[in-house]
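K.L.:
My questions all concern the structure below.
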Amino acid sequence: MSVIIFAALAAGIFLLELSLKNYIEKHLEMGEEKPVCQGRLLIRRYHNKGAFLDAGKKRQKAVALLSLLLTLFMTVVFLGTFSFRGNTVLKAGLALLLGGAYSNTYDRLTRNYVVDYVSFPVKNKRVRRIVFNISDFCIIIGALLMTLGESKGKDSKIRRK
């Protein structure tokens with residue numbers, strides 16, 4: 001049963017992001033900014049041609065290939081977790097991470113860039129220029145949960161001995 005729930009979570013993130021990114025691409029001009037959530041967030045269209053903070057934008061094909069390989073590797077790890085019971089924190093983390101990774105990898109392979117659209121209206125200009133998408137947040141939260149789930153699993157193995 002948990003296999004279906006976690007797979008659905010990853011698929012749901014991918015589909016939500018696909019819808020949001022398509023909406024952003026159709027309804028916002030490049031550079032246009034719209035404040036939302038009472039001005040706590042800015043929505044704007046940005047094409048990230050590299051990885052995090054545009055790193056590797058001059059080597060888009062290498063970034064896309066690395067993204068694909070890492071996503072496939074994590075998918076194998078994710079599927080492997082279903083051969084044992086428990087550790088739902090690890091499985092939830094993997095589902096979040098993969099939902100975001102599938103979305104960003106899909107963008108890299110089909111659009112040749114990742115659609116980013118969320119930034120924070122802070123005074124620091126460098127921080128204000130950084131643009132994210134929901135997939136980025138899912139990847140970060142998923143990685144944190146995976147770390148917690150893995151350390152929780154090690155703690156329980158130590159206690160059993």
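For the structure tokens, the naming scheme is as follows: chains receive sequential letters (A, B, ...) according to their order of presentation, residues are indexed from 1 within each chain, and ligands are indexed from 1 in presentation order.
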Report as a PyMOL selection string: the residues of segment 75-161 of chain A with a DSSP assignment of strand (DSSP E), based on the backbone of this structure.
P.N.:
chain A and resi 114-119
K.L.:
Which residues come within 10 Å of Ala92 of chain A, counting only C-alpha atoms, excluding same-chain residues fewer than 2 positions away, as an mmCIF file with N, CA and C atoms, in the first residue's frame?
P.N.:
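Below you can see result_30.cif, which holds the result:
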```cif
data_model
loop_
_atom_site.group_PDB
_atom_site.id
_atom_site.type_symbol
_atom_site.label_atom_id
_atom_site.label_comp_id
_atom_site.auth_asym_id
_atom_site.auth_seq_id
_atom_site.Cartn_x
_atom_site.Cartn_y
_atom_site.Cartn_z
ATOM 1 N N SER A 2 1.933 1.272 0.807
ATOM 2 C CA SER A 2 2.771 2.471 0.870
ATOM 3 C C SER A 2 3.476 2.740 -0.461
ATOM 4 N N ILE A 5 1.184 4.991 -2.378
ATOM 5 C CA ILE A 5 1.107 6.338 -1.792
ATOM 6 C C ILE A 5 2.346 7.155 -2.140
ATOM 7 N N PHE A 6 3.526 6.577 -1.966
ATOM 8 C CA PHE A 6 4.759 7.323 -2.231
ATOM 9 C C PHE A 6 4.976 7.557 -3.731
ATOM 10 N N ALA A 7 4.613 6.586 -4.547
ATOM 11 C CA ALA A 7 4.703 6.780 -5.995
ATOM 12 C C ALA A 7 3.722 7.869 -6.438
ATOM 13 N N LEU A 9 2.717 10.373 -4.607
ATOM 14 C CA LEU A 9 3.276 11.650 -4.153
ATOM 15 C C LEU A 9 4.282 12.185 -5.170
ATOM 16 N N ALA A 10 5.195 11.336 -5.616
ATOM 17 C CA ALA A 10 6.184 11.759 -6.618
ATOM 18 C C ALA A 10 5.491 12.177 -7.913
ATOM 19 N N PHE A 78 14.905 4.341 -4.654
ATOM 20 C CA PHE A 78 13.509 4.470 -4.214
ATOM 21 C C PHE A 78 12.783 3.135 -4.338
ATOM 22 N N ASN A 87 10.463 2.684 7.875
ATOM 23 C CA ASN A 87 11.228 3.850 7.447
ATOM 24 C C ASN A 87 10.458 4.711 6.444
ATOM 25 N N THR A 88 9.268 5.101 6.857
ATOM 26 C CA THR A 88 8.432 5.934 5.997
ATOM 27 C C THR A 88 9.031 7.318 5.784
ATOM 28 N N VAL A 89 9.847 7.800 6.733
ATOM 29 C CA VAL A 89 10.482 9.115 6.566
ATOM 30 C C VAL A 89 11.439 9.077 5.369
ATOM 31 N N LEU A 90 12.236 8.027 5.278
ATOM 32 C CA LEU A 90 13.150 7.861 4.146
ATOM 33 C C LEU A 90 12.370 7.766 2.835
ATOM 34 N N LEU A 94 12.458 10.366 -0.313
ATOM 35 C CA LEU A 94 12.769 9.950 -1.686
ATOM 36 C C LEU A 94 11.655 10.338 -2.650
ATOM 37 N N ALA A 95 10.401 10.203 -2.220
ATOM 38 C CA ALA A 95 9.269 10.562 -3.088
ATOM 39 C C ALA A 95 9.284 12.056 -3.402
ATOM 40 N N LEU A 96 9.514 12.888 -2.383
ATOM 41 C CA LEU A 96 9.586 14.333 -2.611
ATOM 42 C C LEU A 96 10.748 14.679 -3.530
ATOM 43 N N LEU A 97 11.918 14.131 -3.221
ATOM 44 C CA LEU A 97 13.105 14.397 -4.024
ATOM 45 C C LEU A 97 12.878 13.986 -5.476
ATOM 46 N N LEU A 98 12.314 12.814 -5.674
ATOM 47 C CA LEU A 98 12.116 12.326 -7.048
ATOM 48 C C LEU A 98 11.047 13.102 -7.791
ATOM 49 N N ILE A 141 13.689 19.571 0.703
ATOM 50 C CA ILE A 141 12.970 18.942 1.816
ATOM 51 C C ILE A 141 13.131 17.422 1.756
ATOM 52 N N GLY A 142 13.062 16.866 0.547
ATOM 53 C CA GLY A 142 13.235 15.420 0.386
ATOM 54 C C GLY A 142 14.605 14.956 0.830
ATOM 55 N N ALA A 143 15.640 15.708 0.488
ATOM 56 C CA ALA A 143 17.001 15.337 0.900
ATOM 57 C C ALA A 143 17.138 15.396 2.420
ATOM 58 N N LEU A 145 14.666 14.989 4.619
ATOM 59 C CA LEU A 145 13.916 13.844 5.155
ATOM 60 C C LEU A 145 14.665 12.531 4.948
ATOM 61 N N MET A 146 15.307 12.385 3.797
ATOM 62 C CA MET A 146 16.103 11.179 3.556
ATOM 63 C C MET A 146 17.209 11.047 4.599
ATOM 64 N N GLY A 149 15.578 10.116 7.832
ATOM 65 C CA GLY A 149 15.115 8.730 7.756
ATOM 66 C C GLY A 149 16.248 7.738 7.818
#
```
K.L.:
With distances taken over only C-alpha atoms, which residue among A:Ile140, A:Asn133, A:Thr110, A:Val115 lies nearest Lys61 of chain A?
P.N.:
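The answer is A:Thr110, which sits nearest to Lys61 of chain A.
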K.L.:
Per DSSP on the backbone, what are the helix (DSSP H, G or I) residues of chain A, as JSON, numbers by chain?
P.N.:
{"A": [2, 3, 4, 5, 6, 7, 8, 9, 10, 11, 12, 13, 14, 15, 16, 17, 18, 19, 20, 21, 22, 23, 24, 25, 26, 27, 52, 53, 54, 57, 58, 59, 60, 61, 62, 63, 64, 65, 66, 67, 68, 69, 70, 71, 72, 73, 74, 75, 76, 77, 78, 79, 80, 81, 82, 83, 88, 89, 90, 91, 92, 93, 94, 95, 96, 97, 98, 99, 100, 101, 102, 103, 104, 105, 106, 107, 108, 109, 110, 125, 126, 127, 128, 129, 134, 135, 136, 137, 138, 139, 140, 141, 142, 143, 144, 145, 146, 147, 148, 149, 150, 151, 152, 153, 154, 155, 156, 157, 158, 159, 160]}
K.L.:
In terms of the shortest atom-to-atom distance over only C-alpha atoms, which of A:Pro121, A:Gly50, A:Gly99, A:Gly93 is closest to Leu148 of chain A?
P.N.:
A:Gly93
K.L.:
Could you list, as a VMD selection string, every residue within 12 Å of Gly39 of chain A, counting only C-alpha atoms and ignoring same-chain residues fewer than 6 positions away?
P.N.:
chain A and resid 33 118 to 122
